[in-house]
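One file, model_36.cif, is given below (mmCIF, C-alpha atoms).
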data_my_file
loop_
_atom_site.group_PDB
_atom_site.id
_atom_site.type_symbol
_atom_site.label_atom_id
_atom_site.label_comp_id
_atom_site.auth_asym_id
_atom_site.auth_seq_id
_atom_site.Cartn_x
_atom_site.Cartn_y
_atom_site.Cartn_z
ATOM 1 C CA MET A 1 -122.420 182.567 225.500
ATOM 2 C CA LEU A 2 -120.738 184.712 222.876
ATOM 3 C CA THR A 3 -119.913 188.385 223.350
ATOM 4 C CA VAL A 4 -118.573 190.537 220.499
ATOM 5 C CA HIS A 5 -116.867 193.823 221.362
ATOM 6 C CA GLN A 6 -116.620 196.054 218.285
ATOM 7 C CA GLN A 7 -113.500 198.197 218.321
ATOM 8 C CA ASP A 8 -112.213 200.799 215.906
ATOM 9 C CA GLN A 9 -111.269 200.177 212.261
ATOM 10 C CA GLY A 10 -113.253 196.930 211.929
ATOM 11 C CA ARG A 11 -111.379 195.178 214.716
ATOM 12 C CA CYS A 12 -113.325 192.994 217.155
ATOM 13 C CA ARG A 13 -112.686 191.082 220.350
ATOM 14 C CA VAL A 14 -114.885 188.051 220.887
ATOM 15 C CA GLU A 15 -115.300 186.196 224.173
ATOM 16 C CA ILE A 16 -116.739 182.693 224.424
ATOM 17 C CA GLU A 17 -118.014 181.862 227.916
ATOM 18 C CA GLY A 18 -119.234 178.569 229.361
ATOM 19 C CA GLU A 19 -119.582 175.249 227.606
ATOM 20 C CA LEU A 20 -118.679 174.903 223.945
ATOM 21 C CA THR A 21 -120.493 171.637 223.339
ATOM 22 C CA ILE A 22 -123.026 170.000 221.073
ATOM 23 C CA TYR A 23 -125.781 171.640 223.118
ATOM 24 C CA ASN A 24 -124.837 175.208 222.155
ATOM 25 C CA ALA A 25 -122.422 174.905 219.203
ATOM 26 C CA ALA A 26 -125.077 175.836 216.612
ATOM 27 C CA GLU A 27 -125.974 179.030 218.450
ATOM 28 C CA ILE A 28 -122.334 180.032 218.922
ATOM 29 C CA ARG A 29 -121.635 179.142 215.279
ATOM 30 C CA GLN A 30 -124.217 181.682 214.099
ATOM 31 C CA GLY A 31 -122.634 184.392 216.247
ATOM 32 C CA LEU A 32 -119.132 183.591 215.027
ATOM 33 C CA LEU A 33 -120.178 183.569 211.366
ATOM 34 C CA GLY A 34 -121.874 186.926 211.900
ATOM 35 C CA MET A 35 -118.682 188.233 213.465
ATOM 36 C CA LEU A 36 -116.681 187.092 210.422
ATOM 37 C CA ASN A 37 -118.991 189.192 208.243
ATOM 38 C CA ALA A 38 -118.834 192.254 210.506
ATOM 39 C CA CYS A 39 -115.152 192.363 211.468
ATOM 40 C CA ALA A 40 -112.083 192.902 209.316
ATOM 41 C CA GLU A 41 -109.921 191.452 212.079
ATOM 42 C CA ALA A 42 -110.877 189.600 215.259
ATOM 43 C CA GLU A 43 -109.369 188.084 218.368
ATOM 44 C CA ILE A 44 -111.313 185.258 219.996
ATOM 45 C CA SER A 45 -110.740 184.738 223.711
ATOM 46 C CA LEU A 46 -111.229 181.167 224.900
ATOM 47 C CA ALA A 47 -110.483 181.991 228.564
ATOM 48 C CA GLY A 48 -114.096 181.440 229.605
ATOM 49 C CA VAL A 49 -114.608 178.061 227.918
ATOM 50 C CA SER A 50 -115.383 175.627 230.731
ATOM 51 C CA GLU A 51 -115.979 172.527 228.595
ATOM 52 C CA LEU A 52 -115.105 171.596 225.009
ATOM 53 C CA ASP A 53 -116.402 168.514 223.196
ATOM 54 C CA THR A 54 -115.947 167.349 219.605
ATOM 55 C CA ALA A 55 -118.810 169.526 218.328
ATOM 56 C CA GLY A 56 -117.196 172.591 219.900
ATOM 57 C CA LEU A 57 -113.802 171.597 218.541
ATOM 58 C CA GLN A 58 -115.229 171.136 215.044
ATOM 59 C CA LEU A 59 -116.781 174.589 215.303
ATOM 60 C CA LEU A 60 -113.439 176.173 216.234
ATOM 61 C CA MET A 61 -111.777 174.368 213.316
ATOM 62 C CA GLN A 62 -114.515 175.486 210.902
ATOM 63 C CA ILE A 63 -114.299 179.122 211.994
ATOM 64 C CA LYS A 64 -110.490 179.090 211.741
ATOM 65 C CA ARG A 65 -110.697 177.616 208.211
ATOM 66 C CA GLU A 66 -113.333 180.146 207.155
ATOM 67 C CA ALA A 67 -111.264 183.055 208.471
ATOM 68 C CA ARG A 68 -108.190 181.794 206.597
ATOM 69 C CA ALA A 69 -110.222 181.399 203.396
ATOM 70 C CA ARG A 70 -111.326 185.031 203.717
ATOM 71 C CA GLY A 71 -107.791 186.188 204.454
ATOM 72 C CA LEU A 72 -108.735 187.364 207.945
ATOM 73 C CA ASN A 73 -106.370 187.520 210.895
ATOM 74 C CA MET A 74 -108.270 185.770 213.692
ATOM 75 C CA PRO A 75 -106.168 184.338 216.515
ATOM 76 C CA PHE A 76 -107.615 182.347 219.386
ATOM 77 C CA THR A 77 -106.208 183.707 222.646
ATOM 78 C CA GLU A 78 -106.268 183.045 226.395
ATOM 79 C CA HIS A 79 -106.956 179.317 226.054
ATOM 80 C CA SER A 80 -108.710 177.817 229.075
ATOM 81 C CA ARG A 81 -107.494 174.572 230.642
ATOM 82 C CA ALA A 82 -110.460 172.748 229.024
ATOM 83 C CA VAL A 83 -109.402 173.940 225.549
ATOM 84 C CA ILE A 84 -105.724 173.166 226.116
ATOM 85 C CA ASP A 85 -106.503 169.651 227.347
ATOM 86 C CA VAL A 86 -108.467 168.786 224.194
ATOM 87 C CA MET A 87 -105.978 170.418 221.814
ATOM 88 C CA GLU A 88 -103.038 168.625 223.436
ATOM 89 C CA ARG A 89 -104.838 165.280 223.580
ATOM 90 C CA LEU A 90 -105.611 165.478 219.847
ATOM 91 C CA ASP A 91 -102.317 167.178 218.885
ATOM 92 C CA LEU A 92 -104.079 170.122 217.196
ATOM 93 C CA ASN A 93 -101.892 173.048 218.249
ATOM 94 C CA ALA A 94 -100.210 173.141 214.829
ATOM 95 C CA PHE A 95 -103.569 173.186 213.021
ATOM 96 C CA PHE A 96 -104.713 176.296 214.878
ATOM 97 C CA GLY A 97 -101.300 177.957 214.765
ATOM 98 C CA ASP A 98 -102.021 180.217 217.732
ATOM 99 C CA SER A 99 -99.765 180.783 220.718
ATOM 100 C CA VAL A 100 -101.251 178.874 223.618
ATOM 101 C CA ILE A 101 -100.920 180.991 226.733
ATOM 102 C CA MET A 102 -103.157 180.369 229.705
ATOM 103 C CA PRO A 103 -104.478 183.367 231.616
ATOM 104 C CA ALA A 104 -102.801 184.038 234.956
ATOM 105 C CA GLN A 105 -104.249 182.082 237.859
ATOM 106 C CA THR A 106 -105.575 183.934 240.858
ATOM 107 C CA GLU A 107 -104.988 182.676 244.398
ATOM 108 C CA GLY A 108 -108.490 181.321 244.809
ATOM 109 C CA ASN A 109 -108.399 179.698 241.376
ATOM 110 C CA VAL A 110 -105.264 177.564 241.675
#

Produce structure tokens that represent the structure in this file.
Amino acid sequence: MLTVHQQDQGRCRVEIEGELTIYNAAEIRQGLLGMLNACAEAEISLAGVSELDTAGLQLLMQIKREARARGLNMPFTEHSRAVIDVMERLDLNAFFGDSVIMPAQTEGNV
């Protein structure tokens, strides 16, 4: 699921929740491309991504490339463990260029 929070001056915060896999990548892609058209600047939170496969990874790479081509500032933030595992396994942190900081763990979530 994709949620876009419009903020002032064309700034947006986007949250991706659940699986980012071949089964829903096309739907999320449409939402992200729409966000690129509607927002002058965006932050995409990956905290809620529970699973990431190659289709989801390709989507993140495509959106990052498209934002760069448009000159947009669009960092990925709050990387979930699922996202970090894939990015580390494939050595893609440099490609994305975002600081990888996991959200704080709660006691019941350790």

Legend entry - d(atom CA of A:Val83, atom CA of A:Glu15) in Å: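 Value for the atom CA of A:Val83-atom CA of A:Glu15 distance: 13.7 Å.
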
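Taken over the shown file, the PyMOL selection byres ((chain A and resi 5) around 12) identifies Leu2, Thr3, Val4, Gln6, Gln7, Asp8, Gly10, Arg11, Cys12, Arg13, Val14, Glu15, Ile16, Met35, Ala38, Cys39, Glu41, Ala42, Glu43, Ile44 and Ser45 of chain A.
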
Legend entry - Among listed residues A:Ala82, A:Leu36, A:Met1, A:Val100, nearest A:Ala69 (using only C-alpha atoms):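 Closest candidate: A:Leu36.
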
Inset, instruction - Could you jot down the atom CA of A:Asp91 to atom CA of A:Leu59 separation for me, Å, one decimal place? - result: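 Separation between atom CA of A:Asp91 and atom CA of A:Leu59: 16.6 Å.
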
Legend entry - Matched chain/residue IDs from the PyMOL selection byres ((chain A and resi 63) around 12), as a VMD selection string: chain A and resid 25 28 to 37 42 44 56 to 62 64 to 70 72 to 76 96

Inset, instruction - Measuring atom to atom with all atoms listed in the file, identify which of A:Thr54, A:Asn24, A:Ser80, A:Gln9 is nearest to A:Ala40. - result: A:Gln9

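Atom pair atom CA of A:Asp53 / atom CA of A:Glu19: separated by 8.7 Å.
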
Legend entry - Nearest residue to A:Thr77 from the set A:Ala47, A:Ile22, A:Leu90, A:Leu52 (distances using all atoms listed in the file):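 Nearest to A:Thr77: A:Ala47.
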
Quick one: 8 Å padding each side, axis-aligned, all listed atoms of stretch 76-92 of chain A - centre and edge lengths in Å to one decimal, as AutoDock Vina command-line options?
--center_x -106.4 --center_y 174.5 --center_z 223.9 --size_x 24.1 --size_y 34.4 --size_z 29.4

Inset, instruction - Rank nothing, just name the residue among A:Asp85, A:Glu17, A:Gly97, A:Glu27 nearest to A:Ala55, using all atoms listed in the file. - result: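 Closest to A:Ala55, using all atoms listed in the file: A:Glu27.
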
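Nearest residue to A:Val49, choosing from A:Ala26, A:Ile84, A:Leu92, A:Leu20 and counting only C-alpha atoms: A:Leu20.
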
Inset, instruction - Would you please work out which residue, of A:Gly71, A:Leu46, A:Arg81, A:Thr21, is nearest to A:Asp98 when using only C-alpha atoms? - result: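 When distances to A:Asp98 are compared using only C-alpha atoms, the smallest one comes from A:Leu46.
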